[in-house]
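The structure file run_24.txt is reproduced below (compact mmCIF, C-alpha atoms).
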# COMPACT_ATOMS: atom_id res chain seq x y z
CA MET W 810 -43.95 48.86 -47.98
CA PRO W 811 -42.83 45.28 -48.59
CA ILE W 812 -39.23 44.63 -49.59
CA LYS W 813 -38.72 44.63 -53.34
CA GLY W 814 -37.11 41.64 -54.96
CA TRP W 815 -36.10 40.52 -58.41
CA ILE W 816 -35.30 37.17 -59.99
CA GLU W 817 -33.58 36.22 -63.20
CA VAL W 818 -34.18 32.86 -64.88
CA ASN W 819 -31.34 31.41 -66.94
CA ASP W 820 -33.01 30.02 -70.07
CA LEU W 821 -30.09 27.66 -70.63
CA TYR W 822 -31.06 25.69 -67.51
CA CYS W 823 -34.83 26.26 -67.09
CA LYS W 824 -36.90 23.24 -68.16
CA GLY W 825 -40.33 24.74 -67.49
CA CYS W 826 -41.22 22.21 -64.76
CA GLU W 827 -43.40 24.80 -62.94
CA LEU W 828 -42.16 23.86 -59.44
CA CYS W 829 -41.26 27.53 -58.83
CA VAL W 830 -44.62 28.68 -60.22
CA ALA W 831 -46.48 26.50 -57.69
CA ALA W 832 -44.15 27.33 -54.79
CA CYS W 833 -44.10 31.14 -55.21
CA PRO W 834 -45.91 32.62 -52.17
CA GLN W 835 -46.66 35.88 -54.05
CA ASN W 836 -47.93 34.15 -57.23
CA VAL W 837 -45.79 36.37 -59.45
CA LEU W 838 -44.23 33.58 -61.57
CA ALA W 839 -45.59 31.91 -64.71
CA LEU W 840 -44.32 30.14 -67.80
CA ASP W 841 -43.72 32.43 -70.78
CA LEU W 842 -45.67 30.65 -73.52
CA ASP W 843 -44.32 33.03 -76.20
CA GLN W 844 -40.73 31.93 -75.70
CA LEU W 845 -38.77 28.73 -76.06
CA THR W 846 -35.47 27.84 -74.40
CA PRO W 847 -32.65 26.22 -76.44
CA LYS W 848 -33.94 22.86 -75.15
CA GLY W 849 -37.46 23.63 -76.34
CA TYR W 850 -39.21 24.39 -73.04
CA HIS W 851 -41.26 27.44 -72.06
CA PRO W 852 -39.15 29.25 -69.44
CA ALA W 853 -40.46 30.62 -66.11
CA ARG W 854 -40.69 34.41 -65.83
CA LEU W 855 -41.56 37.10 -63.31
CA ILE W 856 -44.91 38.28 -64.72
CA THR W 857 -45.91 41.08 -62.41
CA ALA W 858 -44.63 43.31 -59.60
CA GLY W 859 -44.74 41.96 -56.06
CA CYS W 860 -41.62 39.76 -55.83
CA THR W 861 -40.14 40.04 -52.33
CA GLY W 862 -36.89 38.19 -53.05
CA CYS W 863 -37.87 35.47 -50.56
CA ASN W 864 -35.68 32.90 -52.37
CA ILE W 865 -38.30 30.11 -52.33
CA CYS W 866 -38.27 29.72 -56.15
CA ALA W 867 -34.49 29.22 -56.03
CA ILE W 868 -34.86 26.66 -53.20
CA VAL W 869 -37.25 24.47 -55.20
CA CYS W 870 -35.55 24.91 -58.62
CA PRO W 871 -34.05 21.54 -59.64
CA ASP W 872 -31.79 23.11 -62.24
CA ALA W 873 -30.34 26.01 -60.24
CA ALA W 874 -31.59 28.32 -63.00
CA ILE W 875 -32.75 31.16 -60.75
CA THR W 876 -30.70 34.08 -59.41
CA VAL W 877 -32.40 36.10 -56.66
CA TYR W 878 -31.85 39.77 -55.79
CA ARG W 879 -33.40 41.77 -52.97
CA GLU W 880 -33.51 45.49 -52.27
CA ALA W 881 -30.67 46.56 -50.00
CA ARG W 882 -31.95 47.45 -46.54
CA GLN W 883 -31.16 51.18 -46.20
CA LYS W 884 -32.37 51.36 -42.59
CA ASN W 885 -29.75 48.93 -41.32
CA LYS W 886 -26.95 50.76 -43.11
CA VAL W 887 -28.01 54.06 -41.52
CA ALA W 888 -28.09 52.42 -38.10
CA ILE W 889 -24.55 51.06 -38.57
CA ASN W 890 -23.22 54.48 -39.66
CA ALA W 891 -24.85 56.24 -36.74
CA MET P 924 -34.36 45.99 -64.92
CA MET P 925 -31.94 48.92 -65.28
CA LEU P 926 -28.32 48.36 -64.31
CA ALA P 927 -28.36 51.27 -61.87
CA GLU P 928 -31.40 49.86 -60.14
CA LYS P 929 -29.83 46.42 -59.89
CA GLN P 930 -26.76 47.84 -58.17
CA THR P 931 -28.89 48.86 -55.19
CA MET P 932 -30.01 45.23 -54.83
CA ASP P 933 -28.29 42.59 -52.72
CA LEU P 934 -27.55 39.25 -54.37
CA ILE P 935 -29.54 36.73 -52.33
CA TYR P 936 -28.97 33.53 -54.26
CA GLN P 937 -27.04 32.33 -57.28
CA ARG P 938 -26.01 29.00 -58.78
CA PRO P 939 -23.41 27.38 -56.44
CA GLU P 940 -19.81 27.29 -57.69
CA SER P 941 -19.51 23.55 -57.08
CA LEU P 942 -22.10 22.90 -59.80
CA SER P 943 -20.56 22.88 -63.26
CA ASP P 944 -22.02 24.83 -66.20
CA ALA P 945 -23.35 21.62 -67.76
CA ILE P 946 -27.08 21.30 -68.40
CA THR P 947 -28.36 18.20 -66.58
CA HIS P 948 -30.07 15.42 -68.53
CA TYR P 949 -32.70 14.99 -65.80
CA CYS P 950 -36.38 15.25 -66.76
CA PRO P 951 -38.12 18.56 -65.93
CA GLY P 952 -39.05 18.69 -62.25
CA CYS P 953 -36.85 15.75 -61.20
CA THR P 954 -35.64 16.30 -57.64
CA HIS P 955 -32.23 14.83 -58.47
CA GLY P 956 -31.40 18.41 -59.50
CA ILE P 957 -32.41 19.72 -56.07
CA ALA P 958 -30.24 17.09 -54.35
CA HIS P 959 -27.27 18.00 -56.61
CA ARG P 960 -27.74 21.67 -55.79
CA LEU P 961 -27.91 21.04 -52.02
CA VAL P 962 -24.72 18.93 -52.09
CA ALA P 963 -22.96 21.65 -54.12
CA GLU P 964 -24.13 24.38 -51.72
CA VAL P 965 -22.86 22.40 -48.71
CA ILE P 966 -19.47 21.77 -50.38
CA ASP P 967 -19.20 25.52 -51.11
CA GLU P 968 -20.21 26.51 -47.57
CA MET P 969 -17.69 24.16 -45.98
CA GLY P 970 -14.93 25.15 -48.44
CA LEU P 971 -14.30 21.53 -49.44
CA ARG P 972 -14.36 21.94 -53.22
CA GLU P 973 -10.64 21.32 -53.78
CA LYS P 974 -10.49 18.22 -51.57
CA THR P 975 -13.79 16.48 -52.34
CA ILE P 976 -13.98 13.25 -54.35
CA GLY P 977 -17.45 12.09 -55.36
CA VAL P 978 -18.36 8.59 -56.47
CA ALA P 979 -21.09 8.37 -59.12
CA PRO P 980 -23.46 5.40 -59.26
CA VAL P 981 -25.28 3.66 -62.09
CA GLY P 982 -28.83 4.87 -62.60
CA CYS P 983 -30.29 8.24 -63.57
CA SER P 984 -27.47 10.02 -61.71
CA VAL P 985 -24.77 8.11 -63.64
CA PHE P 986 -23.60 11.37 -65.24
CA ALA P 987 -23.22 13.14 -61.86
CA TYR P 988 -19.50 13.48 -62.63
CA ASN P 989 -20.38 15.97 -65.39
CA TYR P 990 -22.43 18.16 -63.08
CA PHE P 991 -20.06 18.89 -60.19
CA ASN P 992 -16.92 21.05 -60.17
CA THR P 993 -15.18 18.53 -57.91
CA ASP P 994 -13.17 15.40 -58.56
CA TYR P 995 -15.41 12.47 -59.43
CA VAL P 996 -15.10 8.80 -60.26
CA GLU P 997 -17.64 6.39 -61.72
CA ALA P 998 -18.25 3.08 -59.93
CA ALA P 999 -19.68 -0.20 -61.17
CA HIS P 1000 -23.38 -0.71 -60.45
CA GLY P 1001 -23.91 -0.71 -56.68
CA ARG P 1002 -20.21 -0.67 -55.85
CA ALA P 1003 -19.85 3.04 -55.09
CA PRO P 1004 -19.40 2.46 -51.30
CA ALA P 1005 -16.66 -0.12 -51.98
CA MET P 1006 -14.86 2.29 -54.31
CA ALA P 1007 -15.28 5.13 -51.80
CA THR P 1008 -13.77 2.88 -49.10
CA GLY P 1009 -10.64 2.43 -51.21
CA ILE P 1010 -10.33 6.13 -52.01
CA LYS P 1011 -10.83 7.17 -48.39
CA ARG P 1012 -8.28 4.66 -47.08
CA VAL P 1013 -5.64 5.73 -49.62
CA LEU P 1014 -6.38 9.46 -49.29
CA PRO P 1015 -7.75 9.89 -45.72
CA ASP P 1016 -7.48 13.71 -45.86
CA ARG P 1017 -10.04 13.97 -48.69
CA THR P 1018 -13.81 14.27 -48.32
CA VAL P 1019 -15.33 11.26 -50.05
CA TYR P 1020 -19.02 10.87 -50.77
CA THR P 1021 -21.17 8.63 -52.92
CA TYR P 1022 -24.41 9.68 -54.61
CA GLN P 1023 -26.68 6.68 -55.14
CA GLY P 1024 -30.23 5.90 -56.13
CA ASP P 1025 -32.47 3.22 -54.66
CA GLY P 1026 -31.84 0.66 -57.41
CA ASP P 1027 -28.10 1.11 -57.05
CA LEU P 1028 -27.94 1.21 -53.24
CA ALA P 1029 -30.86 -0.93 -52.02
CA SER P 1030 -30.85 -3.61 -54.71
CA ILE P 1031 -27.59 -4.58 -56.42
CA GLY P 1032 -25.47 -2.59 -53.95
CA MET P 1033 -27.10 -3.93 -50.77
CA ALA P 1034 -24.04 -5.93 -49.67
CA GLU P 1035 -21.64 -3.03 -50.22
CA ILE P 1036 -23.70 -0.50 -48.29
CA MET P 1037 -24.32 -2.83 -45.33
CA HIS P 1038 -20.67 -3.75 -44.98
CA VAL P 1039 -19.39 -0.21 -45.42
CA ALA P 1040 -21.65 0.80 -42.50
CA ALA P 1041 -20.59 -2.25 -40.46
CA ARG P 1042 -16.93 -1.33 -40.97
CA GLY P 1043 -17.71 2.28 -40.04
CA GLU P 1044 -15.91 3.68 -43.06
CA ASN P 1045 -15.57 7.43 -42.73
CA ILE P 1046 -17.52 8.30 -45.89
CA THR P 1047 -20.81 10.05 -46.67
CA VAL P 1048 -23.63 8.55 -48.74
CA ILE P 1049 -26.38 10.61 -50.36
CA PHE P 1050 -29.20 8.13 -51.00
CA ILE P 1051 -31.97 9.18 -53.42
CA ASN P 1052 -35.13 7.15 -52.80
CA ASN P 1053 -37.76 7.63 -55.52
CA ALA P 1054 -39.40 4.20 -55.17
CA ILE P 1055 -38.70 3.24 -58.79
CA TYR P 1056 -35.96 2.39 -61.29
CA GLY P 1057 -35.83 5.65 -63.23
CA MET P 1058 -33.19 5.17 -65.93
CA THR P 1059 -34.33 1.79 -67.23
CA GLY P 1060 -37.97 2.82 -67.65
CA GLY P 1061 -39.81 2.67 -64.35
CA GLN P 1062 -39.51 -0.92 -63.12
CA MET P 1063 -40.26 -2.00 -59.55
CA ALA P 1064 -37.46 -1.19 -57.10
CA PRO P 1065 -36.85 -2.61 -53.60
CA THR P 1066 -38.37 0.64 -52.27
CA THR P 1067 -41.54 0.58 -54.43
CA LEU P 1068 -44.62 1.12 -52.25
CA PRO P 1069 -47.15 -1.73 -51.78
CA GLY P 1070 -49.78 -1.46 -54.52
CA MET P 1071 -47.72 1.01 -56.58
CA ARG P 1072 -47.99 0.52 -60.35
CA THR P 1073 -44.70 0.21 -62.24
CA THR P 1074 -43.86 -1.22 -65.66
CA SER P 1075 -42.89 -4.55 -64.04
CA SER P 1076 -45.82 -4.55 -61.60
CA PRO P 1077 -48.65 -3.25 -63.82
CA ASN P 1078 -51.34 -4.33 -61.35
CA GLY P 1079 -49.55 -2.71 -58.42
CA ARG P 1080 -46.82 -4.19 -56.20
CA ASP P 1081 -48.21 -7.44 -54.77
CA VAL P 1082 -46.58 -7.93 -51.37
CA GLU P 1083 -47.46 -11.65 -51.42
CA LEU P 1084 -45.41 -12.08 -54.58
CA SER P 1085 -42.63 -9.49 -54.37
CA GLY P 1086 -42.42 -8.54 -50.70
CA TYR P 1087 -42.44 -5.25 -48.86
CA PRO P 1088 -40.38 -2.05 -49.41
CA ILE P 1089 -36.97 -1.97 -47.73
CA ARG P 1090 -36.33 0.81 -45.21
CA MET P 1091 -32.59 1.38 -45.59
CA SER P 1092 -32.10 4.11 -42.98
CA GLU P 1093 -33.71 2.11 -40.17
CA MET P 1094 -31.61 -0.91 -41.08
CA LEU P 1095 -28.30 0.97 -41.31
CA ALA P 1096 -28.98 2.79 -38.03
CA THR P 1097 -28.57 -0.54 -36.20
CA MET P 1098 -24.90 -0.68 -37.29
CA ASP P 1099 -22.35 0.34 -34.65
CA GLY P 1100 -20.11 1.89 -37.32
CA ALA P 1101 -22.74 4.44 -38.38
CA GLY P 1102 -22.39 7.99 -37.05
CA TYR P 1103 -25.22 9.86 -38.76
CA ILE P 1104 -28.27 8.26 -40.43
CA VAL P 1105 -31.32 10.40 -41.22
CA ARG P 1106 -34.19 10.49 -43.71
CA ARG P 1107 -35.38 13.75 -45.28
CA SER P 1108 -37.71 14.67 -48.12
CA LEU P 1109 -37.51 17.12 -51.04
CA HIS P 1110 -41.22 17.79 -51.53
CA ASN P 1111 -41.52 21.37 -50.25
CA PRO P 1112 -39.27 24.34 -49.37
CA ALA P 1113 -39.32 23.62 -45.61
CA ASN P 1114 -38.23 20.01 -46.12
CA ILE P 1115 -35.60 21.02 -48.69
CA ARG P 1116 -34.08 23.36 -46.06
CA LYS P 1117 -34.05 20.50 -43.53
CA ALA P 1118 -32.47 18.22 -46.13
CA LYS P 1119 -29.68 20.72 -46.73
CA LYS P 1120 -28.95 20.90 -42.99
CA ALA P 1121 -28.85 17.10 -42.86
CA ILE P 1122 -26.38 16.94 -45.77
CA ARG P 1123 -24.24 19.53 -43.99
CA LEU P 1124 -24.26 17.47 -40.77
CA ALA P 1125 -23.42 14.31 -42.72
CA PHE P 1126 -20.33 16.00 -44.19
CA GLU P 1127 -19.48 17.37 -40.72
CA THR P 1128 -19.67 13.80 -39.39
CA GLN P 1129 -17.07 12.78 -41.94
CA GLU P 1130 -14.87 15.83 -41.26
CA HIS P 1131 -14.94 15.01 -37.51
CA GLY P 1132 -14.08 11.36 -38.24
CA LEU P 1133 -17.18 9.97 -36.53
CA GLY P 1134 -17.86 7.11 -38.94
CA PHE P 1135 -20.30 6.29 -41.68
CA SER P 1136 -22.93 8.93 -42.53
CA MET P 1137 -25.95 8.67 -44.81
CA VAL P 1138 -28.79 11.03 -45.77
CA GLU P 1139 -31.76 9.34 -47.42
CA LEU P 1140 -33.75 11.80 -49.54
CA LEU P 1141 -37.31 11.02 -50.63
CA SER P 1142 -37.33 12.11 -54.23
CA SER P 1143 -39.76 12.31 -57.14
CA CYS P 1144 -39.84 10.68 -60.57
CA PRO P 1145 -42.56 12.54 -62.52
CA THR P 1146 -41.82 10.73 -65.79
CA ASN P 1147 -42.09 7.15 -64.52
CA TRP P 1148 -44.81 7.88 -61.97
CA LYS P 1149 -46.64 9.40 -64.98
CA VAL P 1150 -47.70 12.58 -63.20
CA THR P 1151 -46.76 16.27 -63.47
CA PRO P 1152 -43.78 17.50 -61.39
CA ASN P 1153 -46.07 19.21 -58.87
CA GLU P 1154 -48.35 16.17 -58.55
CA ALA P 1155 -45.25 14.07 -57.94
CA LEU P 1156 -44.35 16.25 -54.93
CA THR P 1157 -47.88 15.73 -53.57
CA PHE P 1158 -47.43 11.97 -54.07
CA ILE P 1159 -44.28 12.06 -51.90
CA ALA P 1160 -46.13 13.87 -49.10
CA ASP P 1161 -49.27 11.71 -49.28
CA HIS P 1162 -47.91 8.24 -50.02
CA MET P 1163 -44.16 8.01 -49.50
CA VAL P 1164 -43.75 9.82 -46.17
CA PRO P 1165 -46.20 7.45 -44.34
CA VAL P 1166 -44.15 4.43 -45.53
CA PHE P 1167 -40.74 6.08 -45.13
CA PRO P 1168 -41.07 8.29 -42.01
CA LEU P 1169 -38.82 11.37 -41.88
CA ASP P 1170 -36.66 11.04 -38.79
CA ASP P 1171 -33.15 11.06 -37.29
CA PHE P 1172 -32.37 7.36 -36.87
CA LYS P 1173 -28.86 7.69 -35.52
CA VAL P 1174 -27.01 10.88 -34.64
CA HIS P 1175 -23.59 10.78 -32.98
CA PRO P 1176 -23.70 12.81 -29.72
CA ALA P 1177 -20.82 15.02 -30.96
CA ILE P 1178 -22.90 16.00 -34.02
CA ALA P 1179 -26.20 16.43 -32.15
CA ASN P 1180 -24.97 19.61 -30.45
CA LEU P 1181 -23.20 21.05 -33.49
CA LYS P 1182 -24.56 24.42 -34.65
CA VAL P 1183 -24.36 24.95 -38.42
Would you mind writing the file's structure down as structure tokens?
Amino acid sequence: MPIKGWIEVNDLYCKGCELCVAACPQNVLALDLDQLTPKGYHPARLITAGCTGCNICAIVCPDAAITVYREARQKNKVAINA
Amino acid sequence: MMLAEKQTMDLIYQRPESLSDAITHYCPGCTHGIAHRLVAEVIDEMGLREKTIGVAPVGCSVFAYNYFNTDYVEAAHGRAPAMATGIKRVLPDRTVYTYQGDGDLASIGMAEIMHVAARGENITVIFINNAIYGMTGGQMAPTTLPGMRTTSSPNGRDVELSGYPIRMSEMLATMDGAGYIVRRSLHNPANIRKAKKAIRLAFETQEHGLGFSMVELLSSCPTNWKVTPNEALTFIADHMVPVFPLDDFKVHPAIANLKV
């Protein structure tokens, strides 16, 4: 099973430029047209499952609006304990 | 996502501490933001936040002093390298860098940048090349591509009338005082990673006292190029990279073998 990831977009910084939407290798990002940020842009959102936490959206984000999480690797921890 | 579920997740990336909480005034999709973020990440990684002094230019990045959690000063148009020279000579233990655009560095600030490299001042320059004057409304810059339409060259840059684009990195690499001169681009994730490594090596050059260091970053200006942010990145890859080749023009031997 692929590694599970999760991103959070800070609406204060997101300007809806869509660079992350185009760069996402899993195509799981899109602008949320039902919402507006305080600056009046449609913010980017994770729209479906399949994020792997690869960090590419955060690398291309010009406003450092994205925080990336990735599932902790249990296998490695077991190996270290053993 | 539930809190319990989030606790099993590793934090992979978050906003660097060296960036302040301020919202930038840059247009959506402007790669100035990416360059700011890379500089902030490098300052964090090297632990230089308390001893870094930045010098802001005039141009779109004139408010850079609001966006970094480091000390910052604002220079007159084009004179950031001269101001950085003074700061570095008075406070040689600090890390001093300037952040300049192409109008600031390659046009009005041409004399300052050439002489700072000739003197081999131990400072770092982050040079944003977007082939246009962004802040004043998209006029032709010294780096505008031949045939490129701007508000002051509406029929495209005529090389018979206004000459050819200036390649700053190649020119500065001929200076004996320069320790690290490279050109990178910000148009896709792979190149952004390479750009970050180059910025890191430029700061390492300064920390090792090896002379003048500059990273030229090919950058986009969606608003004044009149394209969407993603089309602007394609424009960099298709039109700017052939004119401004991505390369290491001068790397001090002591930096070439450094692993970061």
**Message:** For a test of reading the model, state the distance in Å between CA of Tyr1020 (chain P) and CA of Phe991 (chain P), rounded to one decimal.
**Reply:**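 About the pair CA of Tyr1020 (chain P) and CA of Phe991 (chain P): they are 12.4 Å apart.
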Cut-off 7 Å: closest chain P/chain W atom pairs per residue, using all atoms listed in the file, as CSV:
residue,atom,partner,partner_atom,distance
P:Thr931,CA,W:Ala881,CA,5.9
P:Met932,CA,W:Glu880,CA,4.3
P:Asp933,CA,W:Arg879,CA,5.2
P:Leu934,CA,W:Tyr878,CA,4.6
P:Ile935,CA,W:Tyr878,CA,5.2
P:Tyr936,CA,W:Val877,CA,4.9
P:Gln937,CA,W:Thr876,CA,4.6
P:Arg938,CA,W:Ala873,CA,5.5
P:Ile946,CA,W:Tyr822,CA,6.0
P:Pro951,CA,W:Cys826,CA,4.9
P:Gly952,CA,W:Cys826,CA,4.8
P:Cys953,CA,W:Pro871,CA,6.6
P:Thr954,CA,W:Pro871,CA,5.8
P:Gly956,CA,W:Pro871,CA,4.1
P:Ile957,CA,W:Pro871,CA,4.3
P:Arg960,CA,W:Ala873,CA,6.7
P:Pro1112,CA,W:Val869,CA,6.2
P:Pro1152,CA,W:Cys826,CA,6.3
P:Asn1153,CA,W:Leu828,CA,6.1
**Asked** Got a sec: who's within 8 Å of Leu1068 (chain P), counting all atoms listed in the file, leaving out chain neighbours fewer than 5 positions off, as number ranges by chain?
**Response** P: 1054, 1080, 1087-1088, 1163, 1166
**Message:** Please report the interatomic distance between CA of Thr993 (chain P) and CA of Met969 (chain P) in Å with one decimal.
**Reply:** 13.4 Å
**Fill in**
re CA of Leu840 (chain W) and CA of Glu940 (chain P): distance 26.7 Å
**Message:** Every residue with an atom at most 8 Å from (-16.7, -1.5, -50.7) (file coordinates; all atoms listed in the file) is what I'm after, so could you write them as JSON, numbers by chain?
**Reply:** {"P": [1002, 1003, 1004, 1005, 1006, 1007, 1008, 1009, 1035, 1036, 1038, 1039]}
If you keep C-alpha atoms, can you produce a file of those selected residues as an mmCIF file, in the coordinates of the input?
data_model
loop_
_atom_site.group_PDB
_atom_site.id
_atom_site.type_symbol
_atom_site.label_atom_id
_atom_site.label_comp_id
_atom_site.auth_asym_id
_atom_site.auth_seq_id
_atom_site.Cartn_x
_atom_site.Cartn_y
_atom_site.Cartn_z
ATOM 1 C CA ARG P 1002 -20.210 -0.670 -55.850
ATOM 2 C CA ALA P 1003 -19.850 3.040 -55.090
ATOM 3 C CA PRO P 1004 -19.400 2.460 -51.300
ATOM 4 C CA ALA P 1005 -16.660 -0.120 -51.980
ATOM 5 C CA MET P 1006 -14.860 2.290 -54.310
ATOM 6 C CA ALA P 1007 -15.280 5.130 -51.800
ATOM 7 C CA THR P 1008 -13.770 2.880 -49.100
ATOM 8 C CA GLY P 1009 -10.640 2.430 -51.210
ATOM 9 C CA GLU P 1035 -21.640 -3.030 -50.220
ATOM 10 C CA ILE P 1036 -23.700 -0.500 -48.290
ATOM 11 C CA HIS P 1038 -20.670 -3.750 -44.980
ATOM 12 C CA VAL P 1039 -19.390 -0.210 -45.420
#
